[in-house]
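Worksheet for the structure shown next.
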Amino acid sequence: MCSITALLERSHTLENDRQLVLEASLCQRHRGPDWSGVAQHPQALIAHERLAIVDVLSGAQPMVDPDRGTVLAVNGEIYNHLDLREDEATSGYPFQSGSDCEVILALHRSMGRQLVDKLSGMYAFVLYQPENDHWIIARDPIGIIPLYYGTDAHGRLWVASEMKAIAPHCDDIQLFPPGHVWEKGQDAPESFYQRDWMEGELPAAPYVPEELNAALTEAVRRHLMGDVPYGLLISGGLDSSVIAAIAMQHAARRVDDGGNSEAWWPRVHSFSIGLDGSPDLAAAQEVAEAIGTVHHGLTFTIQEGIDALSEVIRHIETYDVTTIRASTPMFLMARKIKAMGIKMVLSGEGADELFGGYLYFHMAPDAKEFHEETVRKVLGLHQYDCARANKSMMAWGIEARVPFLDREFIDYAMRLDPKAKMGGQGRIEKAAIRTAFEGYIPDNILNRQKEQFSDGVGYGWIDGLRDHAEANVSDAEMEKAAIRFPIHPPATKEGYFYRQIFEGHYPSAAAASTVPGGKSVACSTEKALEWDARLKDNIDPSGRAVGGIHNDAYDN
């Protein structure tokens, strides 16, 4: 994991362009504290801040094709890079390092922009050919890795991993869409990620617990690739606990050489965070004891969380209420993990979107509505859970990997018959996962009801945030909220409070437009609010907001 900063289309050059790019890159050095690099050409400047995970000593970037001079800067991990080194498409390429990212240069020689079809991983990259002033920009299918772009007053194209790097230079700022690739000469990024489960007939693949187990196990195994100490995030809920349990089955051997040698760091540390006495802390400790990790249950106070809000919003680059609630404890946890020398962690994001795990999914009227909502949720992850996990951790130089969002596992999960994933009628949410991993974690954790992360860290956390906002935002300010904030006006004082902080860091309308809007209850999309009249007038995004409604659906 790293950061990219690129200034392209430099038909208008300034004497201080290199300094501008270096300063923009410096804004993202938290993402890559291990090394810095820059490539300068008449029409392009590309800078990179590196967090060294794979091939620590010789994988510095930007990388350069030794024969053609093509320049590459990547943020991410390519999990199938060893297989790709044996692929016909990379034959003849003189690899200079053991970096997983170098396969992109090799694939580019024979495939051009189509190389993205070969990649399995999380990534965003800028590739530049000096010989003909040609560039390619791409982002992984789900948007696990962030990427932004914009143009400055001279019409030049800026690209960066985080908005903060380009906001001072660009009048327009846009999210680079996930699953898209953009080549010089095209008007806008084009989609390369199209799947059969996105539209058309309902998926109908039968649910076989053993197959789900095997598919997720392989995804976790791939995600253990790396040459540095790693850790496991255990919230105490189903998803992270299952990921951690699978990881521990593979922790004794090195994945990078097919398990032929002992792991360099066989003693695996796990982490959780919450208010003192929170439900997540107790559950996480129980899981850790069962699977054998060295566990660290970290605590924070409501005041410590409130004190961190401004810095959290600056890093996460959002004013979305649910995201900020959940990002703050994760941000505080990341700092303590960093202090222990851990550089990479596995986390459980994505399961709720793939399997309909949020409590409101119990109200889905039929399999079609259920499946369509999972599609909306999966394709929207880049603005919510992916952004939270990536930026909260990378604020302290820690890479978060999310095996549930492995490219192959997504296809497996989204092609299952949605009836096999639905809850209700006496069936708990995510029963498909629970059945497939019986015996991996304690039964009471395996069958623990869904808690949104911001709830599970301690219910006092959300109440404390609301009370703080109530004391700092007046009724008069709320009455004029739509005037002050015409883009996605805040509906609550808590939302107004976060919006003020965001505006202080990112004052432009272009920045505000990068944040998603619309109504949500318990992480639902706005479309899903049509499922039940009791949801439409609810303005609380917390999972507790649907507790009673969920129980009705579950009991029925």
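As shown in the structure tokens, the chain order sets the letters A, B, ...; within each chain, residues go from 1, and ligands are also counted from 1 in the order they appear.
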Would you give me, as a tab-separated table, each residue of range 264-366 of chain A having an atom within 7 Å of an atom of range 494-509 of chain A, along with its shortest atom pair and that distance in Å to one decimal, using only C-alpha atoms and sorting by chain and residue number?
```
residue	atom	partner	partner_atom	distance
A:Ser310	CA	A:Ile501	CA	6.1
A:Ile313	CA	A:Phe502	CA	6.2
A:Arg314	CA	A:His505	CA	6.2
A:Thr318	CA	A:Phe502	CA	6.9
A:Tyr319	CA	A:Arg499	CA	5.4
A:Val321	CA	A:Gly495	CA	5.9
```
With C-alpha atoms retained, could you export that selection as an mmCIF file, in the first residue's frame?
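Result written to selection_6.cif:
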```cif
data_model
loop_
_atom_site.group_PDB
_atom_site.id
_atom_site.type_symbol
_atom_site.label_atom_id
_atom_site.label_comp_id
_atom_site.auth_asym_id
_atom_site.auth_seq_id
_atom_site.Cartn_x
_atom_site.Cartn_y
_atom_site.Cartn_z
ATOM 1 C CA SER A 310 -11.209 16.704 13.014
ATOM 2 C CA ILE A 313 -12.467 13.695 8.885
ATOM 3 C CA ARG A 314 -9.328 15.149 7.307
ATOM 4 C CA THR A 318 -16.002 12.475 4.156
ATOM 5 C CA TYR A 319 -18.851 13.953 6.159
ATOM 6 C CA VAL A 321 -22.266 10.182 9.552
#
```
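Counting from CA of Glu49 in chain A, the distance to CA of Met122 in chain A is 16.9 Å.
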Residues of range 332-489 of chain A in helix (DSSP H, G or I) according to DSSP, as a PDB file with C-alpha atoms, in the first residue's frame?
```
ATOM      1  CA  LEU A 332      -7.409   5.310  17.131  1.00  0.00           C
ATOM      2  CA  MET A 333      -6.792   1.553  16.984  1.00  0.00           C
ATOM      3  CA  ALA A 334      -4.511   1.908  13.951  1.00  0.00           C
ATOM      4  CA  ARG A 335      -2.162   4.227  15.819  1.00  0.00           C
ATOM      5  CA  LYS A 336      -1.642   1.674  18.565  1.00  0.00           C
ATOM      6  CA  ILE A 337      -1.167  -1.137  16.041  1.00  0.00           C
ATOM      7  CA  LYS A 338       1.496   0.936  14.297  1.00  0.00           C
ATOM      8  CA  ALA A 339       3.327   1.371  17.600  1.00  0.00           C
ATOM      9  CA  ALA A 351     -19.481  -9.782   4.016  1.00  0.00           C
ATOM     10  CA  ASP A 352     -22.574  -7.748   4.917  1.00  0.00           C
ATOM     11  CA  GLU A 353     -22.840  -6.436   1.372  1.00  0.00           C
ATOM     12  CA  LEU A 354     -22.244  -9.809  -0.294  1.00  0.00           C
ATOM     13  CA  PHE A 355     -24.554 -11.795   1.977  1.00  0.00           C
ATOM     14  CA  LEU A 359     -30.388  -5.943   9.845  1.00  0.00           C
ATOM     15  CA  TYR A 360     -32.616  -4.106   7.382  1.00  0.00           C
ATOM     16  CA  PHE A 361     -32.100  -6.922   4.853  1.00  0.00           C
ATOM     17  CA  HIS A 362     -34.648  -8.918   6.886  1.00  0.00           C
ATOM     18  CA  MET A 363     -37.290  -6.607   5.419  1.00  0.00           C
ATOM     19  CA  ALA A 367     -35.235 -12.581  -3.488  1.00  0.00           C
ATOM     20  CA  LYS A 368     -35.107 -10.158  -6.404  1.00  0.00           C
ATOM     21  CA  GLU A 369     -35.146  -7.074  -4.155  1.00  0.00           C
ATOM     22  CA  PHE A 370     -32.651  -8.718  -1.819  1.00  0.00           C
ATOM     23  CA  HIS A 371     -30.196  -9.465  -4.625  1.00  0.00           C
ATOM     24  CA  GLU A 372     -30.518  -6.055  -6.255  1.00  0.00           C
ATOM     25  CA  GLU A 373     -29.769  -4.399  -2.928  1.00  0.00           C
ATOM     26  CA  THR A 374     -26.646  -6.523  -2.469  1.00  0.00           C
ATOM     27  CA  VAL A 375     -25.496  -5.404  -5.935  1.00  0.00           C
ATOM     28  CA  ARG A 376     -26.052  -1.746  -5.009  1.00  0.00           C
ATOM     29  CA  LYS A 377     -24.212  -2.239  -1.746  1.00  0.00           C
ATOM     30  CA  VAL A 378     -21.226  -4.062  -3.253  1.00  0.00           C
ATOM     31  CA  LEU A 379     -20.795  -1.498  -6.021  1.00  0.00           C
ATOM     32  CA  LEU A 381     -18.502  -0.012  -1.047  1.00  0.00           C
ATOM     33  CA  HIS A 382     -15.764   2.287  -2.325  1.00  0.00           C
ATOM     34  CA  GLN A 383     -17.450   5.297  -0.742  1.00  0.00           C
ATOM     35  CA  ASP A 385     -16.535   0.654   4.222  1.00  0.00           C
ATOM     36  CA  CYS A 386     -13.618   0.443   1.785  1.00  0.00           C
ATOM     37  CA  ALA A 387     -12.815   4.120   2.264  1.00  0.00           C
ATOM     38  CA  ARG A 388     -13.115   3.767   6.049  1.00  0.00           C
ATOM     39  CA  ALA A 389     -10.901   0.691   6.328  1.00  0.00           C
ATOM     40  CA  ASN A 390      -8.282   1.935   3.904  1.00  0.00           C
ATOM     41  CA  LYS A 391      -7.937   5.529   5.055  1.00  0.00           C
ATOM     42  CA  SER A 392      -8.340   4.877   8.797  1.00  0.00           C
ATOM     43  CA  MET A 393      -5.496   2.387   8.690  1.00  0.00           C
ATOM     44  CA  MET A 394      -3.342   4.178   6.137  1.00  0.00           C
ATOM     45  CA  PRO A 403     -10.443 -11.137   1.773  1.00  0.00           C
ATOM     46  CA  PHE A 404     -14.241 -11.072   1.422  1.00  0.00           C
ATOM     47  CA  LEU A 405     -13.666  -8.637  -1.466  1.00  0.00           C
ATOM     48  CA  ARG A 407     -12.237 -10.769  -6.984  1.00  0.00           C
ATOM     49  CA  GLU A 408     -12.896 -14.506  -7.296  1.00  0.00           C
ATOM     50  CA  PHE A 409     -14.790 -14.725  -4.013  1.00  0.00           C
ATOM     51  CA  ILE A 410     -17.068 -11.833  -4.975  1.00  0.00           C
ATOM     52  CA  ASP A 411     -18.097 -13.710  -8.108  1.00  0.00           C
ATOM     53  CA  TYR A 412     -18.709 -16.852  -6.094  1.00  0.00           C
ATOM     54  CA  ALA A 413     -20.835 -15.109  -3.457  1.00  0.00           C
ATOM     55  CA  MET A 414     -22.841 -12.932  -5.852  1.00  0.00           C
ATOM     56  CA  PRO A 418     -30.178 -15.141  -3.131  1.00  0.00           C
ATOM     57  CA  LYS A 419     -32.753 -17.340  -1.363  1.00  0.00           C
ATOM     58  CA  ALA A 420     -29.803 -19.131   0.228  1.00  0.00           C
ATOM     59  CA  ALA A 431     -26.664 -18.094   7.849  1.00  0.00           C
ATOM     60  CA  ALA A 432     -24.751 -19.226   4.757  1.00  0.00           C
ATOM     61  CA  ILE A 433     -21.454 -18.129   6.308  1.00  0.00           C
ATOM     62  CA  ARG A 434     -22.351 -19.401   9.765  1.00  0.00           C
ATOM     63  CA  THR A 435     -23.148 -22.892   8.484  1.00  0.00           C
ATOM     64  CA  ALA A 436     -20.025 -23.058   6.314  1.00  0.00           C
ATOM     65  CA  ASP A 443     -20.833 -21.020  18.853  1.00  0.00           C
ATOM     66  CA  ASN A 444     -22.062 -17.919  20.637  1.00  0.00           C
ATOM     67  CA  ILE A 445     -19.879 -15.784  18.336  1.00  0.00           C
ATOM     68  CA  LEU A 446     -20.823 -17.816  15.282  1.00  0.00           C
ATOM     69  CA  PHE A 453     -18.984  -1.441  14.110  1.00  0.00           C
ATOM     70  CA  SER A 454     -19.933   1.974  15.476  1.00  0.00           C
ATOM     71  CA  ASP A 455     -22.554   0.272  17.691  1.00  0.00           C
ATOM     72  CA  GLY A 456     -20.458  -2.670  18.813  1.00  0.00           C
ATOM     73  CA  TYR A 459     -23.507   2.241  22.519  1.00  0.00           C
ATOM     74  CA  GLY A 460     -22.307   5.204  24.561  1.00  0.00           C
ATOM     75  CA  TRP A 461     -20.085   6.211  21.635  1.00  0.00           C
ATOM     76  CA  ILE A 462     -22.963   7.184  19.351  1.00  0.00           C
ATOM     77  CA  ASP A 463     -24.886   8.787  22.193  1.00  0.00           C
ATOM     78  CA  GLY A 464     -21.804  10.806  23.112  1.00  0.00           C
ATOM     79  CA  LEU A 465     -21.406  12.031  19.541  1.00  0.00           C
ATOM     80  CA  ARG A 466     -25.032  13.118  19.371  1.00  0.00           C
ATOM     81  CA  ASP A 467     -24.795  14.941  22.690  1.00  0.00           C
ATOM     82  CA  HIS A 468     -21.628  16.731  21.591  1.00  0.00           C
ATOM     83  CA  ALA A 469     -23.223  17.839  18.326  1.00  0.00           C
ATOM     84  CA  GLU A 470     -26.353  18.984  20.156  1.00  0.00           C
ATOM     85  CA  ALA A 471     -24.223  21.228  22.354  1.00  0.00           C
ATOM     86  CA  ASN A 472     -22.291  22.695  19.413  1.00  0.00           C
ATOM     87  CA  ASP A 475     -31.442  25.211  16.181  1.00  0.00           C
ATOM     88  CA  ALA A 476     -30.986  28.400  14.144  1.00  0.00           C
ATOM     89  CA  GLU A 477     -28.032  26.875  12.312  1.00  0.00           C
ATOM     90  CA  MET A 478     -30.043  23.766  11.510  1.00  0.00           C
ATOM     91  CA  GLU A 479     -32.869  25.854  10.073  1.00  0.00           C
ATOM     92  CA  ALA A 481     -28.540  24.086   6.864  1.00  0.00           C
ATOM     93  CA  ALA A 482     -29.761  23.819   3.272  1.00  0.00           C
ATOM     94  CA  ILE A 483     -28.603  27.372   2.573  1.00  0.00           C
ATOM     95  CA  ARG A 484     -25.138  26.918   4.008  1.00  0.00           C
TER      96      ARG A 484
END
```
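Of the listed residues A:Glu429, A:Asp227, A:Asp55, A:Asp133, the one whose atoms come nearest to Tyr358 in chain A is A:Glu429, with distances taken using only C-alpha atoms.
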Contact residues around Leu57 in chain A with only C-alpha atoms at 10 Å, ignoring same-chain residues under 5 positions, as an mmCIF file with C-alpha atoms, in the first residue's frame:
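The file below, result30.cif, is the result:
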```
data_model
loop_
_atom_site.group_PDB
_atom_site.id
_atom_site.type_symbol
_atom_site.label_atom_id
_atom_site.label_comp_id
_atom_site.auth_asym_id
_atom_site.auth_seq_id
_atom_site.Cartn_x
_atom_site.Cartn_y
_atom_site.Cartn_z
ATOM 1 C CA ALA A 52 6.964 -1.726 1.783
ATOM 2 C CA SER A 97 12.490 -7.211 -8.497
ATOM 3 C CA GLY A 98 10.225 -9.514 -6.551
ATOM 4 C CA SER A 99 7.544 -6.825 -6.277
#
```
Proximity check range 109-163 of chain A to range 24-41 of chain A, 10 Å, nearest pairs one decimal Å, only C-alpha atoms, as a tab-separated table:
```
residue	atom	partner	partner_atom	distance
A:Tyr128	CA	A:His41	CA	9.7
A:Gln129	CA	A:His41	CA	9.8
A:Pro130	CA	A:His41	CA	6.9
A:Asp133	CA	A:His41	CA	9.1
A:Ala160	CA	A:Ser25	CA	8.2
A:Ser161	CA	A:Gln28	CA	7.8
A:Glu162	CA	A:Gln28	CA	7.1
A:Met163	CA	A:Gln28	CA	9.5
```
